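Report on the structure given below.
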Amino acid sequence: MTKAVFIATAEPYSGKSLVALGLVNMLLGQARKVGYFKPIIDYDPAVHPDPHIDTITQYFKLPLTYADTYAYTRPEALQLLETDNQGELIDAVIHKFKQWEEAYDFTVVEGSDFLGPGTAIEFDANVSIAKNLGVPVILVVSGEGKSTAQVVSSVLTLLRTFEAREVPVLLAVANRVAPEQAADVQALLRAQLPEEVLLAVIPEDPQLRHPTMREIHAGLGSRLLFGEAGLGNQVDNYVIGAMQVPNFLNYLKENVLIVTPADRGDIIVCALQANQSASYPRVAGIVLTAGAEPDEPIMRLLEGLPNVVPILTMPTGTFETATRVGAIKSRITPDNPKKIQLAISTFARHVAVQALEEKLISFQPEGITPHMFQYRLLQWARRQRRHIVLPEGNDDRILRAAALLLHQEVVDLTILGNPADVAAAAKRLGVQLPAGHVRVIDPVNSEYYADYVETFYQLRKDKGVNHDMARDLLRDVSYFGSMMVYKGHADGMVSGAVHTTQHTIRPALQFIKTKPGVSVVSSVFFMCLPDRVAVFGDCAVNPNPTAEQLAEIAISSAESSLAFGIEPRIAMLSYSSGTSGAGADVEKVRQATELVRQRRPDLKVEGPIQYDAAVDPLVGRQKLPGSEVAGQASVLIFPDLNTGNNTYKAVQRETGALAIGPVLQGLNKPVNDLSRGCTVDDVFNTVVITAIQSQLG
């Protein structure tokens with residue numbers, strides 16, 4: 001069962017609070033602990049609590065700390081979005097959500113309210129949040145003031161936007177639809193929506209739409225003269241009291257709000273008498289305009305009455321005040337349990353609750369976004385803190401990354417280099433290497449040096465290595481770091497910022513060696529594309545693998561993919577798809593594909609297949625209809641190093657993708673290589689990956 005669902009809209013006052021209340025009520029019948037999270041709220045909580053959060057948490061008595069229910073206020077979020085820092089916003093939302101999500105059986109996530117400027121970038125942020133949380137979506141569209149065609153178009157447009165970003169939609173809600181349009185909206189939408197998307201059309205209910213006197217009072221910023229006890233009165237109609245009393249009485253309707261100048265004592269007294277009379281409708285309240293209080297005799301009369309409807313006073317004129325009253329939108333608030341209960345019953349009446357429950361239970365998220373992937377990596381690395389050796393302590397990027405890793409308490413580190421030089425470099429860079437979880441070792445002066453020399457001699461003497469050669473080689477930081485891993489003094493090694501791939505890998509191949517059943521060490525890159533993570537292999541180690549080696553690389557890459565939470569769908573890449581091409585290169589890929597199927601029938605694999613057919617759903621359906629992989633490949637295996645290395649770099653440069661790797665696979669213990677053009681982030685991510693590999697064994 002999915003652990004969360006996201007309620008999204010693209011407009012203000014869509015009525016998604018009704019959906020949120022109905023969902024939480026439904027889920028509390030199925031789950032013991034239900035959470036509620038609203039990533040972006042409209043109000044500074046120090047000034048005004050968010051009404052949605054207040055209503056949900058108070059009515060259902062959810063034991064949530066207010067600070068845990070949101071990530072940003074709207075001004076904070078817009079500032080990040082307007083300065084192209086959406087990634088920072090997404091990371092913070094994921095972190096906040098995941099911190100406490102595990103404590104709940106299910107969480108309802110509510111998108112933002114779109115109240116104010118910046119709605120275009122705000123909408124994109126909502127789509128990105130839903131995508132990165134990896135949860136399905138319920139769409140809510142308001143039908144208020146829209147024709148049938150406009151309602152249908154709004155729902156379909158919103159759906160297509162989410163589908164284009166590969167965000168799964170469970171339910172589309174057309175809310176606040178005029179009752180006479182409801183049947184047509186239902187028929188037209190059901191005919192055009194995908195079969196798997198549920199539909200609910202909720203007719204407009206005046207009792208949900210109309211504000212209370214408390215909301216009128218707050219919306220106007222008025223002063224309350226009398227009737228505080230009646231601020232919960234609902235306002236269904238309003239009238240301007242500007243005519244003579246007999247004519248005025250003809251305009252009174254149920255739950256009416258009367259807007260009248262303060263000097264119209266006759267209207268005030270008449271309204272109060274009408275409210276007492278069984279022959280006239282109920283009066284919800286009175287708003288006095290033009291800034292004055294009623295005349296003194298009228299005030300004395302009002303003060304002596306036992307029950308007076310709410311009377312508000314405003315400095316503005318009658319017309320302006322009435323216009324402002326008409327613009328006030330009602331919210332479902334915690335002090336109005338009647339409206340809350342109506343919202344819940346409306347949801348239950350118009351939404352196919354059982355079908356929605358089944359959808360939520362059976363939903364399985366597909367794919368993983370880059371933000372979610374990086375978040376998971378950090379969480380996994382911290383589960384069991386590992387010790388990683390960094391041989392290149394003379395490189396500034398290594399020291400900067402080491403400081404980040406230590407401050408975030410991800411791993412313990414050994415840095416190889418002269419301690420004085422490393423300390424001087426750290427001071428120059430302005431980075432701190434906190435004591436307790438890091439040590440700096442000069443290999444030659446290390447307590448391990450003599451033991452490592454002897455161990456290496458014993459391991460390689462049959463290969464012609466003598467003690468002098470062993471002593472020379474163990475001065476090399478790559479050999480010393482690899483020996484630390486072999487001896488269990490470190491759990492893994494990351495090198496290559498200064499050294500070549502061969503220089504990094506050679507010691508590991510000589511004595512760490514490959515896992516049983518693995519004959520070839522290969523590599524993968526985790527390509528963090530804008531909206532998904534793909535695994536590219538082999539782009540760093542094997543120049544021209546045979547069909548046997550290619551099959552082994554594919555299987556190893558699938559295992560790496562699975563280990564890091566990505567469902568493997570393997571595309572064996574070539575310059576032709578299916579049976580359309582011929583030639584030695586295509587035949588090698590075809591043979592490798594068959595070997596993968598024979599050895600691992602549990603894996604989804606397709607080949608030979610072209611890159612576009614592997615990743616583009618439309619092209620995939622055209623070239624290889626019925627394939628489980630075409631158009632949705634997550635593991636892409638390149639036929640040779642030339643193709644793989646150039647492709648990953650082209651994708652990285654053209655799309656701005658983050659490439660984590662190369663991550664070596666097939667060794668008994670993890671040793672990973674960096675590019676000599678690596679960034680601090682590359683070092684950080686590769687160390688995190690190495691720590692996780694060491695946990696997996």
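Within each chain, counting starts at residue 1; across the structure tokens, chains are named A, B, ... in the order shown, with ligands numbered 1 upward in that order.
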Subject >> Neighbour list for Phe525 of chain A as JSON, numbers by chain, cut-off 12 Å, only C-alpha atoms, skip fewer than 6 positions in-chain >> reply: {"A": [533, 534, 535, 536, 537, 538, 539, 540, 541, 557, 560, 561, 634, 635, 636, 637, 638, 644, 645, 647, 648, 649, 651, 652, 657, 658, 659, 660, 661, 662, 663, 664, 665, 672, 673, 674, 675, 682, 685, 686, 689]}
**OP:** Tell me which protein, DNA and RNA residues are within 10 Å of segment 249-257 of chain A, counting only C-alpha atoms, leaving out same-chain ones fewer than 5 positions away, and put them as a PyMOL selection string.
**Re:** chain A and resi 212-213+216+233-241+243-244+267+270-271+274-275+280-287+310-311+322+325
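Taking atom CA of Val453 of chain A and atom CA of Leu474 of chain A as the two end points, the separation is 6.3 Å.
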Subject >> DSSP-assigned alpha helix (DSSP H) members of segment 262-374 of chain A, reported as a ChimeraX atom specification >> reply: /A:265-276,296-303,318-327,337-350,353-362,370-374
Original post:
Per DSSP on the backbone, what are the strand (DSSP E or B) residues of segment 213-261 of chain A, as a list in words?
Top reply: Arg223, Leu224, Leu225, Phe226, Gln234, Asn237, Tyr238, Val239, Ile240, Val256, Leu257, Ile258, Val259, Thr260 and Pro261 of chain A
Keeping C-alpha atoms, export the residues of the selection given above as a PDB file, in the first residue's frame.
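The resulting file, part_37.pdb, is reproduced below:
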ATOM      1  CA  ARG A 223     -15.023  46.512  14.372  1.00  0.00           C
ATOM      2  CA  LEU A 224     -17.518  44.387  16.322  1.00  0.00           C
ATOM      3  CA  LEU A 225     -20.123  46.429  18.227  1.00  0.00           C
ATOM      4  CA  PHE A 226     -22.521  43.707  19.383  1.00  0.00           C
ATOM      5  CA  GLN A 234     -23.830  31.526   8.255  1.00  0.00           C
ATOM      6  CA  ASN A 237     -27.661  36.266   1.247  1.00  0.00           C
ATOM      7  CA  TYR A 238     -27.010  39.960   1.698  1.00  0.00           C
ATOM      8  CA  VAL A 239     -29.040  43.095   1.060  1.00  0.00           C
ATOM      9  CA  ILE A 240     -28.301  46.826   1.111  1.00  0.00           C
ATOM     10  CA  VAL A 256     -29.376  37.508   5.340  1.00  0.00           C
ATOM     11  CA  LEU A 257     -26.592  40.011   6.026  1.00  0.00           C
ATOM     12  CA  ILE A 258     -27.801  43.627   5.998  1.00  0.00           C
ATOM     13  CA  VAL A 259     -25.398  46.347   4.841  1.00  0.00           C
ATOM     14  CA  THR A 260     -26.685  49.803   5.797  1.00  0.00           C
ATOM     15  CA  PRO A 261     -25.399  53.244   6.805  1.00  0.00           C
TER      16      PRO A 261
END
Subject >> Test item: residues at most 10 Å from Gln432 of chain A, only C-alpha atoms, excluding those fewer than 2 positions along its chain, as a list in words >> reply: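 The filter keeps Leu399, Arg400, Ala402, Ala403, Leu404, Leu406, His407, Ala423, Ala426, Lys427, Leu429, Gly430, Pro434 and Ala435 of chain A.
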Write out as a short mmCIF file (atom, residue, chain, number, x, y, z; two decimals) with C-alpha atoms, in the first residue's frame each polymer residue whose atoms come within 12 Å of segment 457-467 of chain A, counting only C-alpha atoms; drop sequence neighbours fewer than 2 positions from it.
data_model
loop_
_atom_site.label_atom_id
_atom_site.label_comp_id
_atom_site.auth_asym_id
_atom_site.auth_seq_id
_atom_site.Cartn_x
_atom_site.Cartn_y
_atom_site.Cartn_z
CA ALA A 450 55.17 -3.01 7.71
CA ASP A 451 52.21 -5.37 8.02
CA TYR A 452 50.79 -4.23 4.69
CA VAL A 453 54.16 -4.77 2.97
CA GLU A 454 54.38 -8.31 4.30
CA THR A 455 50.78 -9.08 3.41
CA MET A 469 58.88 -4.17 -4.72
CA ALA A 470 56.24 -4.58 -2.04
CA ARG A 471 57.75 -1.72 0.01
CA ASP A 472 57.80 0.57 -3.05
CA LEU A 473 54.25 -0.26 -4.09
CA LEU A 474 52.85 0.25 -0.58
CA MET A 483 45.21 -2.77 1.35
CA TYR A 486 41.50 -5.75 2.06
CA PRO A 507 45.55 -2.89 -6.80
CA LEU A 509 42.17 -6.51 -9.01
CA GLN A 510 45.48 -7.86 -7.65
CA PHE A 511 44.35 -8.71 -4.13
CA ILE A 512 40.74 -7.66 -3.36
CA LYS A 513 39.66 -9.58 -6.49
#
Original post:
Between A:Glu358, A:Glu144, A:Glu594, A:Asp84, which one has atoms that come closest to Ala182 of chain A, using only C-alpha atoms?
Top reply: A:Glu144
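If you measure from each of A:Gln354, A:Thr346, A:Ser482, A:Ser142 to Leu390 of chain A using only C-alpha atoms, the closest one turns out to be A:Ser482.
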I want to know what sits within 7 Å of Lys604 of chain A, based on only C-alpha atoms, with residues of the same chain fewer than 3 positions away left out; could you give that as an mmCIF file with N, CA, C and O atoms, in the first residue's frame?
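Now in result-v4.cif:
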data_model
loop_
_atom_site.group_PDB
_atom_site.id
_atom_site.type_symbol
_atom_site.label_atom_id
_atom_site.label_comp_id
_atom_site.auth_asym_id
_atom_site.auth_seq_id
_atom_site.Cartn_x
_atom_site.Cartn_y
_atom_site.Cartn_z
ATOM 1 N N ARG A 569 14.920 -2.467 -15.666
ATOM 2 C CA ARG A 569 14.381 -2.831 -16.978
ATOM 3 C C ARG A 569 15.517 -2.590 -17.960
ATOM 4 O O ARG A 569 15.828 -1.437 -18.287
ATOM 5 N N ILE A 570 16.139 -3.673 -18.427
ATOM 6 C CA ILE A 570 17.437 -3.594 -19.108
ATOM 7 C C ILE A 570 17.262 -3.424 -20.610
ATOM 8 O O ILE A 570 16.595 -4.229 -21.265
ATOM 9 N N GLU A 628 8.154 -5.099 -22.551
ATOM 10 C CA GLU A 628 8.107 -4.638 -21.158
ATOM 11 C C GLU A 628 9.169 -3.585 -20.866
ATOM 12 O O GLU A 628 9.133 -2.935 -19.830
ATOM 13 N N VAL A 629 10.117 -3.427 -21.791
ATOM 14 C CA VAL A 629 11.252 -2.535 -21.560
ATOM 15 C C VAL A 629 11.204 -1.305 -22.453
ATOM 16 O O VAL A 629 11.481 -0.188 -22.010
#
List as a tab-separated table every residue of segment 80-168 of chain A that is in contact with segment 30-49 of chain A, defined as an atom at most 9 Å from one of its atoms (using only C-alpha atoms), together with the nearest atom pair and the distance in Å rounded to one decimal, sorted by chain and then rising number.
residue	atom	partner	partner_atom	distance
A:Val93	CA	A:Pro39	CA	6.3
A:Lys96	CA	A:Pro39	CA	8.8
A:Phe97	CA	A:Phe37	CA	7.4
A:Trp100	CA	A:Gly35	CA	9.0
A:Glu101	CA	A:Gly35	CA	7.6
A:Ala103	CA	A:Lys33	CA	7.9
A:Tyr104	CA	A:Lys33	CA	5.1
A:Asp105	CA	A:Lys33	CA	5.3
A:Phe106	CA	A:Val34	CA	5.0
A:Thr107	CA	A:Gly35	CA	4.3
A:Val108	CA	A:Tyr36	CA	4.9
A:Val109	CA	A:Phe37	CA	4.8
A:Glu110	CA	A:Lys38	CA	4.9
A:Gly111	CA	A:Lys38	CA	6.2
A:Ser112	CA	A:Ile40	CA	5.5
A:Asp113	CA	A:Asp42	CA	7.3
A:Phe114	CA	A:Asp42	CA	8.6
A:Leu115	CA	A:Asp42	CA	7.4
A:Asn126	CA	A:Pro39	CA	8.8
A:Ile129	CA	A:Pro39	CA	8.3
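Residue nearest Ile344 of chain A within the list A:Val485, A:Ala508, A:Val615, A:Ile56: A:Ile56 [criterion: smallest interatomic distance, only C-alpha atoms].
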Find the residues near Lys623 of chain A: any atom within 10 Å, counting only C-alpha atoms, skip ones fewer than 5 places away on the same chain, and give them as a CSV table (one decimal) with N, CA, C and O atoms, in the first residue's frame.
chain,number,residue,atom,x,y,z
A,576,SER,N,20.4,-0.8,-34.0
A,576,SER,CA,19.2,-1.2,-34.6
A,576,SER,C,18.3,-1.8,-33.5
A,576,SER,O,18.8,-2.2,-32.4
A,577,SER,N,17.0,-1.9,-33.7
A,577,SER,CA,16.1,-2.4,-32.7
A,577,SER,C,15.4,-3.7,-33.2
A,577,SER,O,15.1,-3.8,-34.4
A,578,GLY,N,15.3,-4.7,-32.4
A,578,GLY,CA,14.7,-5.9,-32.7
A,578,GLY,C,15.5,-6.7,-33.8
A,578,GLY,O,16.7,-6.9,-33.7
A,580,SER,N,15.6,-5.8,-37.0
A,580,SER,CA,15.8,-4.9,-38.2
A,580,SER,C,17.2,-4.8,-38.7
A,580,SER,O,17.4,-4.5,-39.9
A,609,ILE,N,18.3,-2.9,-29.1
A,609,ILE,CA,17.4,-1.8,-29.1
A,609,ILE,C,18.1,-0.5,-29.2
A,609,ILE,O,19.2,-0.3,-28.5
A,610,GLN,N,17.6,0.5,-29.9
A,610,GLN,CA,18.2,1.8,-30.0
A,610,GLN,C,17.8,2.7,-28.8
A,610,GLN,O,16.8,2.4,-28.1
A,612,ASP,N,16.7,5.7,-28.5
A,612,ASP,CA,15.4,6.4,-28.5
A,612,ASP,C,14.2,5.4,-28.2
A,612,ASP,O,13.3,5.8,-27.5
A,613,ALA,N,14.3,4.2,-28.7
A,613,ALA,CA,13.3,3.2,-28.5
A,613,ALA,C,13.3,2.8,-27.0
A,613,ALA,O,12.3,2.3,-26.5
A,614,ALA,N,14.4,2.8,-26.4
A,614,ALA,CA,14.6,2.4,-25.0
A,614,ALA,C,14.0,3.4,-24.0
A,614,ALA,O,13.4,3.0,-23.0
A,618,LEU,N,6.7,6.6,-26.9
A,618,LEU,CA,6.0,6.6,-28.2
A,618,LEU,C,6.9,5.8,-29.2
A,618,LEU,O,6.4,5.0,-29.9
A,630,ALA,N,10.9,-1.5,-23.7
A,630,ALA,CA,10.9,-0.4,-24.7
A,630,ALA,C,10.1,0.8,-24.2
A,630,ALA,O,9.0,0.7,-23.7
A,631,GLY,N,10.8,2.0,-24.3
A,631,GLY,CA,10.1,3.2,-23.8
A,631,GLY,C,10.2,3.5,-22.3
A,631,GLY,O,9.9,4.6,-21.9
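Atom CA of Leu139 of chain A is positioned 25.1 Å from atom CA of Glu82 of chain A.
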**OP:** Would you work out the distance separating atom CA of Gly626 of chain A from atom CA of Leu193 of chain A, expressed in Å to one decimal?
**Re:**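 According to the coordinates, atom CA of Gly626 of chain A and atom CA of Leu193 of chain A are separated by 22.8 Å.
When only C-alpha atoms are used to measure the gap to Arg653 of chain A, the shortest distance among A:Gly620, A:Leu529, A:Thr289, A:Lys61 belongs to A:Leu529.
Take the candidates A:Val605, A:Ala174, A:Val410, A:Leu416 and check each one against Ala381 of chain A using only C-alpha atoms; the shortest distance goes to A:Val410.
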**OP:** Measuring atom to atom with only C-alpha atoms, identify which of A:Glu567, A:Ala592, A:Ala425, A:His387 is nearest to Pro670 of chain A.
**Re:**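 Of all the options, A:His387 lies closest to Pro670 of chain A.
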